[in-house]
Amino acid sequence: MSTSTTASVSTHILDTSVGRPAEGVAVQLSARSGRDADWKTLGGSATDADGRCKDLPDLPEGTTHVRLDFAVEAYFERTAESANKQADAQQDAPANRDSGTGVFFPEVAITFAVVPGEHYHVPLLLNPFGYSVYRGS
C-alpha cells in the first residue's frame, strides 16, 4: 500500500493466446532511487489462478524506478502441450510451423518510473511471440 512517501505496485498477466490468466509465472520486483543508482531486488512472487501477484513487497522510500521481471519461458513450457493441441486446430499454426521452443521472449522485463503516493498497476498481455504492457488502474 502506498503512502505519501512511497509508491506501490501490482501486476497481473493475461495469456492472450488462450484467453486466460497466466498462473504460476514467477515475478521479481526490483527498485532503485535515481536513474544512476544500482537496482535492488526487493523480492518476488508468482501469479495466482487469476494471473495476479497479490503479495509483492512494498517499495522503499525514495524509489524512483521499478522493474518487474517476468519468467515466462517456464510458464509456456508447462502450457505447450495444450497450446499445440489448439494450434493443430488452426491452419498454418505458428506453434507447429516454427522450430525451437515456441517461445520468442523467455523473459519480460518492464521498467517504469514512479512517484511517491501513487499506485502502479502494470498488466502484462502475453503470448508466445509477443507482449504488451500498460499502466492500468
# chains A, B, ... in the order shown; residues from 1 in each chain; ligands from 1

$ residues_around --residues "A:Ser8" --least-positions-apart "2" --cutoff "12 Å" --atoms "only C-alpha atoms" --output "JSON, numbers by chain"
{"A": [1, 2, 3, 4, 5, 6, 10, 11, 29, 31, 54, 55, 56, 57, 58, 59, 60, 61, 62, 63, 64, 65, 66, 113, 114, 115, 116, 117, 118, 119, 120, 121, 122]}

$ select_by_dssp --residues "chain A" --states "helix (DSSP H, G or I)" --output "JSON, numbers by chain"
{"A": [72, 73, 74, 75, 76, 77, 78, 79, 80, 81, 82, 83, 84, 85, 86, 87, 88, 94, 95, 96, 97]}

$ write_last_selection --atoms "C-alpha atoms" --output "PDB file, in the first residue's frame"
ATOM      1  CA  VAL A  72       7.562 -16.547 -18.838  1.00  0.00           C
ATOM      2  CA  GLU A  73       9.509 -19.353 -20.526  1.00  0.00           C
ATOM      3  CA  ALA A  74       8.751 -21.892 -17.798  1.00  0.00           C
ATOM      4  CA  TYR A  75       5.052 -20.952 -17.967  1.00  0.00           C
ATOM      5  CA  PHE A  76       4.946 -21.571 -21.727  1.00  0.00           C
ATOM      6  CA  GLU A  77       6.839 -24.844 -21.373  1.00  0.00           C
ATOM      7  CA  ARG A  78       4.175 -26.026 -18.915  1.00  0.00           C
ATOM      8  CA  THR A  79       1.345 -24.983 -21.205  1.00  0.00           C
ATOM      9  CA  ALA A  80       2.954 -26.061 -24.506  1.00  0.00           C
ATOM     10  CA  GLU A  81       1.061 -29.338 -24.820  1.00  0.00           C
ATOM     11  CA  SER A  82      -2.355 -27.705 -24.660  1.00  0.00           C
ATOM     12  CA  ALA A  83      -1.154 -24.859 -26.898  1.00  0.00           C
ATOM     13  CA  ASN A  84      -0.024 -27.365 -29.536  1.00  0.00           C
ATOM     14  CA  LYS A  85      -3.427 -29.039 -29.464  1.00  0.00           C
ATOM     15  CA  GLN A  86      -5.089 -25.674 -30.072  1.00  0.00           C
ATOM     16  CA  ALA A  87      -2.565 -24.840 -32.795  1.00  0.00           C
ATOM     17  CA  ASP A  88      -3.341 -28.105 -34.598  1.00  0.00           C
ATOM     18  CA  PRO A  94       2.955 -20.899 -35.570  1.00  0.00           C
ATOM     19  CA  ALA A  95       3.482 -23.376 -32.731  1.00  0.00           C
ATOM     20  CA  ASN A  96       3.748 -26.217 -35.236  1.00  0.00           C
ATOM     21  CA  ARG A  97       5.255 -24.309 -38.166  1.00  0.00           C
TER      22      ARG A  97
END

$ atom_distance --atom1 "atom CA of A:Cys53" --atom2 "atom CA of A:Asp38"
24.3 Å

$ residues_around --residues "A:Gly19" --least-positions-apart "4" --cutoff "10 Å" --atoms "only C-alpha atoms" --output "list in words"
Leu14, Asp15, Leu125, Leu126 and Asn127 of chain A

$ write_last_selection --atoms "N, CA, C and O atoms" --output "compact mmCIF listing (two decimals), in the first residue's frame"
# COMPACT_ATOMS: atom_id res chain seq x y z
N LEU A 14 -2.33 -11.77 -18.47
CA LEU A 14 -3.33 -12.47 -19.27
C LEU A 14 -2.61 -13.10 -20.45
O LEU A 14 -1.91 -12.41 -21.20
N ASP A 15 -2.76 -14.41 -20.60
CA ASP A 15 -2.21 -15.12 -21.75
C ASP A 15 -3.21 -14.97 -22.88
O ASP A 15 -4.24 -15.64 -22.92
N LEU A 125 -0.01 -8.36 -21.09
CA LEU A 125 -0.75 -9.17 -22.05
C LEU A 125 0.28 -9.98 -22.81
O LEU A 125 1.17 -9.40 -23.44
N LEU A 126 0.19 -11.28 -22.75
CA LEU A 126 1.28 -12.15 -23.15
C LEU A 126 0.83 -13.22 -24.13
O LEU A 126 -0.28 -13.74 -24.03
N ASN A 127 1.71 -13.54 -25.08
CA ASN A 127 1.56 -14.72 -25.92
C ASN A 127 2.96 -15.20 -26.27
O ASN A 127 3.94 -14.51 -25.98

$ atom_distance --atom1 "atom CA of A:Pro106" --atom2 "atom CA of A:Arg35"
26.0 Å

$ select_by_dssp --residues "chain A" --states "strand (DSSP E or B)" --output "ChimeraX atom specification"
/A:8-15,20-21,26-32,40-46,52-53,65-71,107-113,119-127,130-133,136

$ residues_around --residues "A:Tyr131" --least-positions-apart "2" --cutoff "12 Å" --atoms "only C-alpha atoms" --output "VMD selection string"
chain A and resid 13 to 17 70 72 103 to 110 123 to 129 133 to 134

$ write_last_selection --atoms "N, CA, C and O atoms" --output "compact mmCIF listing (two decimals), in the first residue's frame"
# COMPACT_ATOMS: atom_id res chain seq x y z
N ILE A 13 -1.20 -11.00 -15.27
CA ILE A 13 -0.84 -11.45 -16.61
C ILE A 13 -2.02 -12.16 -17.24
O ILE A 13 -2.61 -13.07 -16.63
N LEU A 14 -2.33 -11.77 -18.47
CA LEU A 14 -3.33 -12.47 -19.27
C LEU A 14 -2.61 -13.10 -20.45
O LEU A 14 -1.91 -12.41 -21.20
N ASP A 15 -2.76 -14.41 -20.60
CA ASP A 15 -2.21 -15.12 -21.75
C ASP A 15 -3.21 -14.97 -22.88
O ASP A 15 -4.24 -15.64 -22.92
N THR A 16 -2.93 -14.06 -23.81
CA THR A 16 -3.86 -13.78 -24.89
C THR A 16 -3.93 -14.90 -25.92
O THR A 16 -4.86 -14.94 -26.73
N SER A 17 -2.98 -15.83 -25.90
CA SER A 17 -3.03 -16.94 -26.84
C SER A 17 -4.12 -17.95 -26.47
O SER A 17 -4.57 -18.70 -27.33
N PHE A 70 9.46 -10.88 -15.41
CA PHE A 70 8.54 -12.00 -15.54
C PHE A 70 9.26 -13.17 -16.19
O PHE A 70 9.77 -13.04 -17.31
N VAL A 72 8.68 -15.97 -18.10
CA VAL A 72 7.56 -16.55 -18.84
C VAL A 72 7.88 -17.85 -19.56
O VAL A 72 6.97 -18.61 -19.91
N VAL A 103 8.79 -20.22 -27.82
CA VAL A 103 8.73 -19.02 -27.01
C VAL A 103 9.81 -18.07 -27.50
O VAL A 103 10.99 -18.36 -27.41
N PHE A 104 9.39 -16.95 -28.05
CA PHE A 104 10.35 -15.99 -28.58
C PHE A 104 10.97 -15.14 -27.48
O PHE A 104 12.14 -14.83 -27.51
N PHE A 105 10.16 -14.75 -26.49
CA PHE A 105 10.63 -13.95 -25.36
C PHE A 105 10.62 -14.81 -24.10
O PHE A 105 9.58 -14.97 -23.47
N PRO A 106 11.77 -15.38 -23.68
CA PRO A 106 11.77 -16.22 -22.48
C PRO A 106 11.61 -15.42 -21.19
O PRO A 106 11.19 -15.96 -20.17
N GLU A 107 11.93 -14.14 -21.24
CA GLU A 107 11.78 -13.25 -20.08
C GLU A 107 11.19 -11.93 -20.57
O GLU A 107 11.44 -11.52 -21.69
N VAL A 108 10.44 -11.29 -19.71
CA VAL A 108 9.93 -9.96 -19.99
C VAL A 108 10.32 -9.08 -18.82
O VAL A 108 9.99 -9.38 -17.67
N ALA A 109 11.06 -8.01 -19.11
CA ALA A 109 11.46 -7.05 -18.08
C ALA A 109 10.80 -5.71 -18.39
O ALA A 109 10.98 -5.16 -19.48
N ILE A 110 10.03 -5.21 -17.45
CA ILE A 110 9.33 -3.94 -17.61
C ILE A 110 9.89 -2.96 -16.58
O ILE A 110 9.86 -3.23 -15.37
N PRO A 123 -0.43 -4.36 -15.98
CA PRO A 123 -0.87 -5.61 -16.60
C PRO A 123 0.05 -6.00 -17.77
O PRO A 123 0.51 -5.14 -18.52
N LEU A 124 0.28 -7.29 -17.89
CA LEU A 124 1.07 -7.84 -18.98
C LEU A 124 0.15 -8.72 -19.82
O LEU A 124 -0.42 -9.68 -19.32
N LEU A 125 -0.01 -8.36 -21.09
CA LEU A 125 -0.75 -9.17 -22.05
C LEU A 125 0.28 -9.98 -22.81
O LEU A 125 1.17 -9.40 -23.44
N LEU A 126 0.19 -11.28 -22.75
CA LEU A 126 1.28 -12.15 -23.15
C LEU A 126 0.83 -13.22 -24.13
O LEU A 126 -0.28 -13.74 -24.03
N ASN A 127 1.71 -13.54 -25.08
CA ASN A 127 1.56 -14.72 -25.92
C ASN A 127 2.96 -15.20 -26.27
O ASN A 127 3.94 -14.51 -25.98
N PRO A 128 3.12 -16.38 -26.85
CA PRO A 128 4.47 -16.91 -27.07
C PRO A 128 5.36 -16.06 -27.98
O PRO A 128 6.57 -16.21 -27.98
N PHE A 129 4.76 -15.18 -28.78
CA PHE A 129 5.55 -14.43 -29.76
C PHE A 129 5.50 -12.92 -29.56
O PHE A 129 6.00 -12.17 -30.39
N VAL A 133 2.21 -4.16 -22.61
CA VAL A 133 2.10 -3.77 -21.21
C VAL A 133 1.60 -2.33 -21.16
O VAL A 133 1.81 -1.56 -22.10
N TYR A 134 0.91 -1.99 -20.09
CA TYR A 134 0.39 -0.63 -19.96
C TYR A 134 0.19 -0.33 -18.48
O TYR A 134 0.22 -1.22 -17.63

$ closest_residue --among "A:Gly136, A:Gly43, A:Gly102, A:Gly51" --to "A:Ser30" --atoms "only C-alpha atoms"
A:Gly43

$ atom_distance --atom1 "atom CA of A:Gly130" --atom2 "atom CA of A:Val18"
13.5 Å
